[in-house]
Amino acid sequence: MTQTSPLTSTQTGVLVLLRLLIGWHFLYEGVIKLYSPGWTAKGYLLSATYMESFFHWLASESMISTIDTLNIAALLFVGAALILGFKTQLASLIGVGLLLLYYFAHPPFPGYPLGPAEGSYWIINKNLIEAAALLVVFLFPTSVSFGLERFFAKRTLSSQTH
């Protein structure tokens, strides 16, 4: 069974561009953290202004090494998967999860101190916007049009017809 895309080639192209840009951002963040030997999420987690007990638990001595490794691995996986167009829906969901964790550690809620930010925000910040963009990537998968999943989709279709 084949599914025709309700999107024009221009719409698909723009969605692919969105997927690639977000993928690059995640991959870059993961690589920078991987090659910065002193990097740790501990300071960010300990400075959380919302759900402090949860984030302080993540920053505890028994957890922080695992959290740092998982954070880097997730950033690298999401970035590579989005760029390569392979397992993009899974990568999108993992990316949304990471971004929501970053958002809730330092939410721009009225009455809460502002955390590390590249400007002034009120309720909406770049983490929430990028999470919403990843939901678009999840709901409108483009990796069968442009990505490694294209090769697997053709193989699956041809094996179903035999």
# chains A, B, ... in the order shown; residues from 1 in each chain; ligands from 1

call {"tool": "residues_around", "arguments": {"residues": "region 135-139 of chain A", "least_positions_apart": "5", "cutoff": "8 Å", "atoms": "only C-alpha atoms", "output": "ChimeraX atom specification"}}
result
/A:15,18-19,88-89,92-93,96

call {"tool": "select_by_dssp", "arguments": {"residues": "region 51-155 of chain A", "states": "helix (DSSP H, G or I)", "output": "number ranges by chain"}}
result
A: 52-58, 64-84, 88-105, 126-139, 149-155

call {"tool": "closest_atom_pairs", "arguments": {"of": "region 92-144 of chain A", "to": "region 23-44 of chain A", "cutoff": "12 Å", "atoms": "only C-alpha atoms", "output": "Markdown table"}}
result
| residue | atom | partner | partner_atom | distance |
| --- | --- | --- | --- | --- |
| A:Ser92 | CA | A:Gly23 | CA | 9.4 |
| A:Ile94 | CA | A:Phe26 | CA | 11.1 |
| A:Gly95 | CA | A:Phe26 | CA | 8.2 |
| A:Val96 | CA | A:Phe26 | CA | 11.3 |
| A:Leu98 | CA | A:Phe26 | CA | 10.2 |
| A:Leu99 | CA | A:Phe26 | CA | 10.3 |
| A:Leu101 | CA | A:Tyr44 | CA | 11.2 |
| A:Tyr102 | CA | A:Tyr44 | CA | 8.9 |
| A:Tyr103 | CA | A:Tyr44 | CA | 11.4 |
| A:Phe104 | CA | A:Tyr44 | CA | 11.5 |
| A:Ala105 | CA | A:Tyr44 | CA | 7.9 |
| A:His106 | CA | A:Tyr44 | CA | 8.7 |
| A:Gly115 | CA | A:Tyr44 | CA | 8.6 |
| A:Pro116 | CA | A:Tyr44 | CA | 8.2 |
| A:Ala117 | CA | A:Tyr44 | CA | 11.5 |
| A:Asn127 | CA | A:Phe26 | CA | 11.7 |
| A:Glu130 | CA | A:His25 | CA | 10.0 |
| A:Ala131 | CA | A:Phe26 | CA | 11.7 |
| A:Ala133 | CA | A:Gly23 | CA | 11.4 |
| A:Leu134 | CA | A:Gly23 | CA | 9.7 |
| A:Val137 | CA | A:Gly23 | CA | 10.7 |

call {"tool": "atom_distance", "arguments": {"atom1": "CA of Ser47 (chain A)", "atom2": "CA of Ala59 (chain A)"}}
result
9.9 Å

call {"tool": "atom_distance", "arguments": {"atom1": "CA of Ala74 (chain A)", "atom2": "CA of Ile129 (chain A)"}}
result
18.9 Å

call {"tool": "atom_distance", "arguments": {"atom1": "CA of Leu45 (chain A)", "atom2": "CA of Leu90 (chain A)"}}
result
25.0 Å

call {"tool": "closest_residue", "arguments": {"among": "A:Phe86, A:Gly97, A:Lys126, A:Leu46", "to": "Asn71 (chain A)", "atoms": "only C-alpha atoms"}}
result
A:Gly97

call {"tool": "closest_residue", "arguments": {"among": "A:Pro107, A:Val16, A:Ile64, A:Ile83", "to": "Met51 (chain A)", "atoms": "only C-alpha atoms"}}
result
A:Pro107

call {"tool": "closest_residue", "arguments": {"among": "A:Ser9, A:Ala132, A:Ile67, A:Leu17", "to": "Phe55 (chain A)", "atoms": "only C-alpha atoms"}}
result
A:Ile67
